[in-house]
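Undergrad: This structure is in C-alpha cells; I'll ask about it shortly.
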Amino acid sequence: MVLIYSPSITSRLQYACSFIFKEQMNISFEITNDEERFIQYEEVKINYSNSSISNNELRLGNVSLLFENNIQPQGIDCFEINNYKAFFKTEGADFPFDIFAASFYLFSRYEEYLPHEKDMYGRYAHENSLAFKEGFLQLPLINIWVNDLIKSILQKFPSFNIQHSTFNFSPTYDIDIAYAFKHKGLARNIGGFLKSPSVERIKVLVGLMQDPFDVYNWLDDFHQQHSLQPVYFFLLAAKNSQYDKNILPHVNAVKDLMNSHAAKYTVGIHPSWQSGDNFLLMKKEKKLLADIIAQPVTHSRQHYIRFSLPHGCRRLMEAGVTDDYSMGYGSINGFRASVASSFYWFDLEKNEVSSLRLHPFSWMDANSFYEQHLSAEEAYNELVKYYTICKEVGGTLCTIWHNNFLGTDKQFAGWRECYEKFILQVQQ
C-alpha cells in the first residue's frame, strides 16, 4: 500500500489519487494527515506537501486546487518536461509539477465549468481548451504523466510492485440512420428521389441491390473473425428533425435490428438532438429502447456529442445511465479529457465523485471526414497514430464508426477498407 501524506484530506484529492493509484497502477493507497504515522511508515510513502517530513519519502509539491471548494479561473503556465507539456510547476520537490492537481484539472473538465463561448451546436468548443491551445489535444497526457510518476516512485522505492495498465481496444458504433432507403416509407422515399433522383434507390427498394447502409451482417462476421466486443448506440427519435433523421422506432425492421444486436452485443441509447432540450423525452427514448430489446439500458452516447457539464451528466444519472461514451469532441479528434482511460465523473459544483463512468473516445469517422477533411488513407494513418500512443501508455483506444461509412455509399468509398486494414494492424 502507498501511504500519502497531505495536510488536508479532500474529496478532490481522494478522487485524483483513486484514479492514479487504484485505477492506473492497480495498487491500494491511503491518505493521512498524521505526520508521525507517515514518518513511522516503512513502505512506499508520498509526501504531498511543500515541505519535507521524512528522509525516506517521495515528495510531490502541491498547488491549492485540490484544497479548494469553489470553481474559479486557475493560473496555468505550461512548460515542457520529458518532451511533454505540464503545468502547476512546483519547486524543490522530487517531481517537477503537481500531477494530482494537473490531472484533476484535465479529467474533471474544470475549464468547461468556467465561462466560455460555445460552438455552432451549443457545445463546448475545442478551441477553448487548454489541450488545443497548448498543442497536446492528440495526446493522452495524463497516462503519460502517470507513467513518469511510476518511474519516479521506482527510483525511490525499487522493490515496489506496480501492475501497469494494459492496452484495450473498444470499438463503438452510432446508428443514426439504419438504412439509406429501406424502411423509410413511401413519402420519405418519394421526397428523397425528387430531391436527388437515384437509380440505386429504386434498385434497393425493389430488391435488386443491398441497401448501402446495411452493413450489419458484415460487421457481425467481422467482430467474430477478430474477437471484438463492440458497443452499439441507436438513435430513437420519435419524430424527425434537422439533426434527427433516423428511421422511426415503431418500424418493425428497426426493432428487429435492435433486438438482434442486443442479443449479441452491448446496446445503448443515442439520445436525440431534440431530447437535449427535453429531459423527459430522453427518458422516454431510453425506456422505449429498453422495452424493444427487453433488457435494461445503462449505456449512452449523446447524438452530435451534445452535452454540457454538469447538467448533462446529472440528467444521465437520473435516467439510470451508468456508462456514458460522449467524452470527446464532435468537431475534432483527440483526447478531450487528456486521458485514454475510463473514469468516474466528478461533479465539481457538488465537489463529489459520482457513480457515472465516462468512457472517452479519441477518434470518430465523422470528425476525420467532415471536420478534418481527411481521405480514407489519411484517416487510417490518424487511427494508427492514436493506436500507437494508447498502446504505449497502456490506455484504451475507443473509436466511433457510423454504419454509413462502412457500407457501399460511393461518398465513403475506401473507408471500410481503412477499418479492415486498421484492425489487422491492432491485432498484429
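Ordered as shown in the C-alpha cells, chains take letters A, B, and onward, while each chain numbers its residues from 1 and ligands are numbered from 1 in the order shown.
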Leaving out range 60-76 of chain A and any residue of its chain fewer than 5 positions from it, which residues lie within 9 Å of it when counting only C-alpha atoms, given as a PyMOL selection string?
TA: chain A and resi 8-13+16+46-51+87-102+104-105+110-111+113-114+348-351
Undergrad: Only N, CA and C atoms, please: the residues just picked out, written as a compact mmCIF listing (two decimals), in the first residue's frame.
TA:
# COMPACT_ATOMS: atom_id res chain seq x y z
N SER A 8 -4.21 18.32 4.36
CA SER A 8 -5.67 18.32 4.37
C SER A 8 -6.16 17.21 3.44
N ILE A 9 -7.20 16.52 3.83
CA ILE A 9 -7.75 15.43 3.01
C ILE A 9 -9.09 15.89 2.45
N THR A 10 -9.17 15.99 1.14
CA THR A 10 -10.37 16.50 0.48
C THR A 10 -10.91 15.48 -0.51
N SER A 11 -12.16 15.68 -0.93
CA SER A 11 -12.77 14.79 -1.92
C SER A 11 -12.04 14.88 -3.25
N ARG A 12 -11.56 16.08 -3.59
CA ARG A 12 -10.81 16.22 -4.85
C ARG A 12 -9.52 15.42 -4.82
N LEU A 13 -8.81 15.48 -3.71
CA LEU A 13 -7.55 14.75 -3.59
C LEU A 13 -7.82 13.24 -3.59
N ALA A 16 -8.54 12.19 -7.25
CA ALA A 16 -7.35 12.17 -8.10
C ALA A 16 -6.46 10.98 -7.77
N ILE A 46 4.36 8.85 0.01
CA ILE A 46 4.43 10.06 -0.81
C ILE A 46 3.97 11.24 0.03
N ASN A 47 4.81 12.22 0.08
CA ASN A 47 4.53 13.43 0.85
C ASN A 47 3.98 14.49 -0.10
N TYR A 48 2.68 14.74 -0.01
CA TYR A 48 2.03 15.72 -0.87
C TYR A 48 1.91 17.05 -0.11
N SER A 49 3.05 17.68 0.06
CA SER A 49 3.08 18.97 0.75
C SER A 49 4.30 19.74 0.26
N ASN A 50 4.46 20.95 0.74
CA ASN A 50 5.55 21.78 0.26
C ASN A 50 6.74 21.85 1.22
N SER A 51 6.81 20.87 2.12
CA SER A 51 7.98 20.79 2.99
C SER A 51 8.24 19.32 3.32
N PHE A 87 1.89 21.45 -16.27
CA PHE A 87 1.60 22.74 -15.63
C PHE A 87 1.42 22.52 -14.14
N PHE A 88 1.20 23.60 -13.40
CA PHE A 88 1.24 23.60 -11.94
C PHE A 88 2.63 23.18 -11.46
N LYS A 89 3.61 23.89 -11.95
CA LYS A 89 5.01 23.60 -11.63
C LYS A 89 5.28 23.83 -10.14
N THR A 90 6.09 22.95 -9.56
CA THR A 90 6.49 23.08 -8.15
C THR A 90 8.00 23.05 -8.06
N GLU A 91 8.54 23.72 -7.06
CA GLU A 91 10.00 23.82 -6.92
C GLU A 91 10.48 22.97 -5.74
N GLY A 92 11.65 22.38 -5.91
CA GLY A 92 12.31 21.69 -4.82
C GLY A 92 11.74 20.34 -4.45
N ALA A 93 10.81 19.82 -5.24
CA ALA A 93 10.20 18.53 -4.94
C ALA A 93 10.87 17.43 -5.76
N ASP A 94 10.44 16.20 -5.56
CA ASP A 94 11.01 15.06 -6.30
C ASP A 94 10.31 14.84 -7.64
N PHE A 95 9.28 15.60 -7.90
CA PHE A 95 8.56 15.53 -9.17
C PHE A 95 8.32 16.97 -9.60
N PRO A 96 8.44 17.29 -10.88
CA PRO A 96 8.50 18.70 -11.30
C PRO A 96 7.19 19.49 -11.25
N PHE A 97 6.07 18.82 -11.07
CA PHE A 97 4.80 19.56 -11.03
C PHE A 97 3.78 18.79 -10.20
N ASP A 98 2.70 19.44 -9.87
CA ASP A 98 1.64 18.82 -9.08
C ASP A 98 0.79 17.95 -9.99
N ILE A 99 1.17 16.69 -10.13
CA ILE A 99 0.48 15.78 -11.04
C ILE A 99 -0.94 15.49 -10.57
N PHE A 100 -1.18 15.51 -9.26
CA PHE A 100 -2.54 15.26 -8.77
C PHE A 100 -3.48 16.38 -9.23
N ALA A 101 -3.07 17.62 -9.02
CA ALA A 101 -3.92 18.76 -9.37
C ALA A 101 -4.05 18.93 -10.88
N ALA A 102 -2.95 18.74 -11.61
CA ALA A 102 -2.98 18.90 -13.07
C ALA A 102 -3.88 17.85 -13.71
N PHE A 104 -6.34 16.26 -12.21
CA PHE A 104 -7.71 16.59 -11.80
C PHE A 104 -8.29 17.70 -12.67
N TYR A 105 -7.50 18.72 -12.93
CA TYR A 105 -7.97 19.83 -13.75
C TYR A 105 -8.44 19.35 -15.12
N TYR A 110 -12.48 20.81 -15.65
CA TYR A 110 -12.62 22.03 -14.84
C TYR A 110 -12.90 23.25 -15.73
N GLU A 111 -12.19 23.35 -16.84
CA GLU A 111 -12.31 24.52 -17.70
C GLU A 111 -13.70 24.63 -18.33
N TYR A 113 -16.46 24.27 -16.81
CA TYR A 113 -17.35 24.91 -15.83
C TYR A 113 -17.16 26.43 -15.81
N LEU A 114 -16.06 26.89 -16.39
CA LEU A 114 -15.76 28.32 -16.42
C LEU A 114 -16.47 28.98 -17.60
N LEU A 348 -18.10 18.90 -10.07
CA LEU A 348 -17.35 19.99 -9.43
C LEU A 348 -18.23 20.89 -8.59
N GLU A 349 -19.46 21.13 -9.03
CA GLU A 349 -20.33 22.01 -8.26
C GLU A 349 -20.69 21.41 -6.91
N LYS A 350 -20.88 20.09 -6.90
CA LYS A 350 -21.18 19.41 -5.63
C LYS A 350 -19.91 18.96 -4.91
N ASN A 351 -18.80 19.02 -5.63
CA ASN A 351 -17.50 18.63 -5.07
C ASN A 351 -17.50 17.18 -4.60
Undergrad: Write down as a ChimeraX atom specification the residues of range 64-258 of chain A whose backbone DSSP state falls under helix (DSSP H, G or I).
TA: /A:65-67,99-107,110-113,126-128,130-133,141-156,186-195,199-205,216-226,252-258
Undergrad: Of the candidates A:Glu134, A:Glu200, A:Asp214, A:Asp174, which shows the shortest atom-to-atom distance to Ile269 in chain A, using only C-alpha atoms?
TA: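 The answer is A:Asp174, which sits nearest to Ile269 in chain A.
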Undergrad: Just the residues within 12 Å of Asn259 in chain A, please, counting only C-alpha atoms, with nothing from its chain fewer than 2 positions along; format it as a list in words.
TA: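 Returned residues: Tyr232, Phe234, Pro249, Asn252, Ala253, Val254, Lys255, Asp256, Leu257, His261, Ala262, Ala263, Lys264, Tyr265, Thr266, Val267, Gly268, Leu289, Ala290, Asp291, Ile292, Ile293, Ala294 and Gln295 of chain A.
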Undergrad: Contacts of Arg336 in chain A at 8 Å or less, counting only C-alpha atoms, minus same-chain residues fewer than 5 places along, as an NGL selection string?
TA: :A and (126 or 131 or 137 or 327-329 or 360 or 362)
Undergrad: If DSSP is run on the backbone, what residues of range 237-352 of chain A are strand (DSSP E)? A reply as a list in words would be ideal.
TA: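 Filtering range 237-352 of chain A down to strand (DSSP E) leaves Thr266, Val267, Gly268, Ile269, His299, Ser300, Asp323, Asp324, Phe343, Tyr344, Trp345, Phe346, Asp347 and Glu352 of chain A.
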Undergrad: Taking C-alpha atoms for each residue, export the selection above as an mmCIF file, in the first residue's frame.
TA:
data_model
loop_
_atom_site.group_PDB
_atom_site.id
_atom_site.type_symbol
_atom_site.label_atom_id
_atom_site.label_comp_id
_atom_site.auth_asym_id
_atom_site.auth_seq_id
_atom_site.Cartn_x
_atom_site.Cartn_y
_atom_site.Cartn_z
ATOM 1 C CA THR A 266 -23.934 -4.202 -25.581
ATOM 2 C CA VAL A 267 -26.595 -1.800 -26.862
ATOM 3 C CA GLY A 268 -27.027 1.754 -25.612
ATOM 4 C CA ILE A 269 -29.203 4.786 -26.235
ATOM 5 C CA HIS A 299 -25.088 2.859 -21.745
ATOM 6 C CA SER A 300 -25.382 6.147 -23.602
ATOM 7 C CA ASP A 323 -21.778 4.362 -18.526
ATOM 8 C CA ASP A 324 -21.512 7.242 -20.975
ATOM 9 C CA PHE A 343 -13.078 7.263 -15.136
ATOM 10 C CA TYR A 344 -15.878 8.239 -12.793
ATOM 11 C CA TRP A 345 -17.342 11.671 -13.381
ATOM 12 C CA PHE A 346 -16.612 14.221 -10.660
ATOM 13 C CA ASP A 347 -19.340 16.828 -10.084
ATOM 14 C CA GLU A 352 -18.104 14.890 -5.084
#
Undergrad: Please report, as CSV, each residue of range 346-409 of chain A lying at most 10 Å from range 413-425 of chain A, together with the nearest pair of atoms and the separation in Å rounded to one decimal; use only C-alpha atoms, and order rows by chain and ascending residue number.
TA:
residue,atom,partner,partner_atom,distance
A:Asp365,CA,A:Trp415,CA,8.7
A:Phe369,CA,A:Trp415,CA,9.8
A:Ser375,CA,A:Trp415,CA,8.5
A:Ala376,CA,A:Trp415,CA,5.2
A:Glu377,CA,A:Cys418,CA,6.6
A:Glu378,CA,A:Cys418,CA,9.2
A:Ala379,CA,A:Cys418,CA,7.6
A:Tyr380,CA,A:Cys418,CA,5.6
A:Asn381,CA,A:Phe422,CA,8.8
A:Leu383,CA,A:Phe422,CA,7.3
A:Val384,CA,A:Phe422,CA,7.0
A:Tyr387,CA,A:Gln425,CA,9.1
A:Trp401,CA,A:Tyr419,CA,9.1
A:Asn403,CA,A:Arg416,CA,9.7
A:Asn404,CA,A:Arg416,CA,9.7
A:Phe405,CA,A:Trp415,CA,6.1
A:Leu406,CA,A:Arg416,CA,4.6
A:Gly407,CA,A:Arg416,CA,7.0
A:Thr408,CA,A:Ala413,CA,6.9
A:Asp409,CA,A:Ala413,CA,6.7
Undergrad: Restricting the output to N, CA and C atoms, write the selected residues as an mmCIF file, in the first residue's frame.
TA:
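Here's the written file selection.cif:
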data_model
loop_
_atom_site.group_PDB
_atom_site.id
_atom_site.type_symbol
_atom_site.label_atom_id
_atom_site.label_comp_id
_atom_site.auth_asym_id
_atom_site.auth_seq_id
_atom_site.Cartn_x
_atom_site.Cartn_y
_atom_site.Cartn_z
ATOM 1 N N ASP A 365 -15.076 8.720 -37.134
ATOM 2 C CA ASP A 365 -15.011 8.827 -38.586
ATOM 3 C C ASP A 365 -15.543 10.169 -39.093
ATOM 4 N N PHE A 369 -13.709 12.908 -41.533
ATOM 5 C CA PHE A 369 -14.247 13.165 -42.876
ATOM 6 C C PHE A 369 -14.798 14.584 -43.029
ATOM 7 N N SER A 375 -8.791 12.001 -46.205
ATOM 8 C CA SER A 375 -9.128 10.873 -47.064
ATOM 9 C C SER A 375 -9.143 9.608 -46.209
ATOM 10 N N ALA A 376 -9.605 8.508 -46.793
ATOM 11 C CA ALA A 376 -9.632 7.247 -46.057
ATOM 12 C C ALA A 376 -8.218 6.836 -45.656
ATOM 13 N N GLU A 377 -7.267 7.034 -46.522
ATOM 14 C CA GLU A 377 -5.884 6.671 -46.212
ATOM 15 C C GLU A 377 -5.316 7.562 -45.117
ATOM 16 N N GLU A 378 -5.623 8.841 -45.177
ATOM 17 C CA GLU A 378 -5.166 9.751 -44.123
ATOM 18 C C GLU A 378 -5.828 9.412 -42.789
ATOM 19 N N ALA A 379 -7.100 9.017 -42.842
ATOM 20 C CA ALA A 379 -7.796 8.621 -41.615
ATOM 21 C C ALA A 379 -7.163 7.372 -41.020
ATOM 22 N N TYR A 380 -6.746 6.441 -41.882
ATOM 23 C CA TYR A 380 -6.057 5.241 -41.399
ATOM 24 C C TYR A 380 -4.782 5.630 -40.654
ATOM 25 N N ASN A 381 -4.009 6.536 -41.227
ATOM 26 C CA ASN A 381 -2.770 6.976 -40.571
ATOM 27 C C ASN A 381 -3.055 7.655 -39.242
ATOM 28 N N LEU A 383 -5.668 7.007 -37.299
ATOM 29 C CA LEU A 383 -6.051 5.933 -36.394
ATOM 30 C C LEU A 383 -4.823 5.213 -35.836
ATOM 31 N N VAL A 384 -3.875 4.927 -36.707
ATOM 32 C CA VAL A 384 -2.655 4.235 -36.274
ATOM 33 C C VAL A 384 -1.901 5.086 -35.255
ATOM 34 N N TYR A 387 -3.717 4.670 -32.009
ATOM 35 C CA TYR A 387 -3.468 3.306 -31.532
ATOM 36 C C TYR A 387 -2.079 3.187 -30.920
ATOM 37 N N TRP A 401 -17.506 4.586 -35.158
ATOM 38 C CA TRP A 401 -17.834 4.456 -36.571
ATOM 39 C C TRP A 401 -19.340 4.554 -36.736
ATOM 40 N N ASN A 403 -22.520 3.381 -39.408
ATOM 41 C CA ASN A 403 -22.753 2.326 -40.394
ATOM 42 C C ASN A 403 -22.645 2.821 -41.829
ATOM 43 N N ASN A 404 -23.003 4.085 -42.081
ATOM 44 C CA ASN A 404 -22.947 4.585 -43.460
ATOM 45 C C ASN A 404 -21.514 4.678 -43.984
ATOM 46 N N PHE A 405 -20.540 4.906 -43.088
ATOM 47 C CA PHE A 405 -19.145 4.973 -43.511
ATOM 48 C C PHE A 405 -18.614 3.595 -43.923
ATOM 49 N N LEU A 406 -19.219 2.547 -43.397
ATOM 50 C CA LEU A 406 -18.711 1.195 -43.630
ATOM 51 C C LEU A 406 -19.494 0.449 -44.699
ATOM 52 N N GLY A 407 -20.467 1.117 -45.315
ATOM 53 C CA GLY A 407 -21.291 0.477 -46.333
ATOM 54 C C GLY A 407 -20.747 0.673 -47.738
ATOM 55 N N THR A 408 -21.663 0.725 -48.702
ATOM 56 C CA THR A 408 -21.271 0.818 -50.112
ATOM 57 C C THR A 408 -21.592 2.176 -50.727
ATOM 58 N N ASP A 409 -21.955 3.150 -49.908
ATOM 59 C CA ASP A 409 -22.192 4.502 -50.408
ATOM 60 C C ASP A 409 -20.912 5.030 -51.044
#
Undergrad: Considering only C-alpha atoms, can you say which of A:Cys313, A:Leu288, A:Gly395, A:Gln428 comes closest to Ile142 in chain A?
TA: A:Gly395
Undergrad: Given only C-alpha atoms as the basis, pick out the residue of A:Val339, A:Cys17, A:Met25, A:Cys390 nearest to Asn161 in chain A.
TA: A:Met25
Undergrad: Which of these, A:Asn82, A:Thr322, A:Ser272, A:Thr32, has the shortest distance to Val297 in chain A once you count only C-alpha atoms?
TA: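 When distances to Val297 in chain A are compared using only C-alpha atoms, the smallest one comes from A:Thr322.
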Undergrad: Between CA of Val231 in chain A and CA of Ile400 in chain A, what distance in Å does the model show, to one decimal?
TA: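 Between CA of Val231 in chain A and CA of Ile400 in chain A the gap is 9.6 Å.
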Undergrad: Find the residues near Ile31 in chain A: any atom within 8 Å, counting only C-alpha atoms, skip ones fewer than 3 places away on the same chain, and give them as a CSV table (one decimal) with all heavy atoms, in the first residue's frame.
TA:
chain,number,residue,atom,x,y,z
A,3,LEU,N,1.2,5.0,1.2
A,3,LEU,CA,0.7,6.0,2.2
A,3,LEU,C,1.0,7.4,1.7
A,3,LEU,O,2.2,7.7,1.4
A,3,LEU,CB,1.3,5.8,3.6
A,3,LEU,CG,0.7,6.6,4.7
A,3,LEU,CD1,-0.8,6.3,4.9
A,3,LEU,CD2,1.5,6.5,6.0
A,4,ILE,N,0.0,8.2,1.6
A,4,ILE,CA,0.1,9.6,1.1
A,4,ILE,C,-0.1,10.6,2.2
A,4,ILE,O,-1.2,10.5,2.9
A,4,ILE,CB,-0.8,9.9,-0.1
A,4,ILE,CG1,-0.6,8.9,-1.2
A,4,ILE,CG2,-0.7,11.3,-0.6
A,4,ILE,CD1,-1.6,8.8,-2.3
A,5,TYR,N,0.8,11.4,2.5
A,5,TYR,CA,0.6,12.5,3.5
A,5,TYR,C,0.1,13.7,2.8
A,5,TYR,O,0.6,14.2,1.8
A,5,TYR,CB,1.9,12.8,4.3
A,5,TYR,CG,1.7,14.0,5.1
A,5,TYR,CD1,1.0,13.9,6.4
A,5,TYR,CD2,2.1,15.3,4.7
A,5,TYR,CE1,0.8,15.1,7.1
A,5,TYR,CE2,1.9,16.4,5.5
A,5,TYR,CZ,1.2,16.3,6.7
A,5,TYR,OH,1.0,17.4,7.5
A,6,SER,N,-0.9,14.3,3.4
A,6,SER,CA,-1.4,15.6,2.9
A,6,SER,C,-1.9,16.4,4.2
A,6,SER,O,-2.5,15.8,5.0
A,6,SER,CB,-2.6,15.5,1.9
A,6,SER,OG,-3.1,16.7,1.6
A,9,ILE,N,-7.2,16.5,3.8
A,9,ILE,CA,-7.8,15.4,3.0
A,9,ILE,C,-9.1,15.9,2.5
A,9,ILE,O,-10.0,16.2,3.2
A,9,ILE,CB,-7.9,14.2,3.9
A,9,ILE,CG1,-6.6,13.7,4.5
A,9,ILE,CG2,-8.5,13.0,3.0
A,9,ILE,CD1,-6.7,12.6,5.4
A,14,GLN,N,-8.8,12.8,-2.9
A,14,GLN,CA,-9.2,11.4,-2.9
A,14,GLN,C,-9.5,10.9,-4.3
A,14,GLN,O,-9.1,9.8,-4.7
A,14,GLN,CB,-10.4,11.2,-1.9
A,14,GLN,CG,-10.1,11.3,-0.5
A,14,GLN,CD,-9.6,10.0,0.1
A,14,GLN,OE1,-9.2,9.1,-0.6
A,14,GLN,NE2,-9.5,10.0,1.5
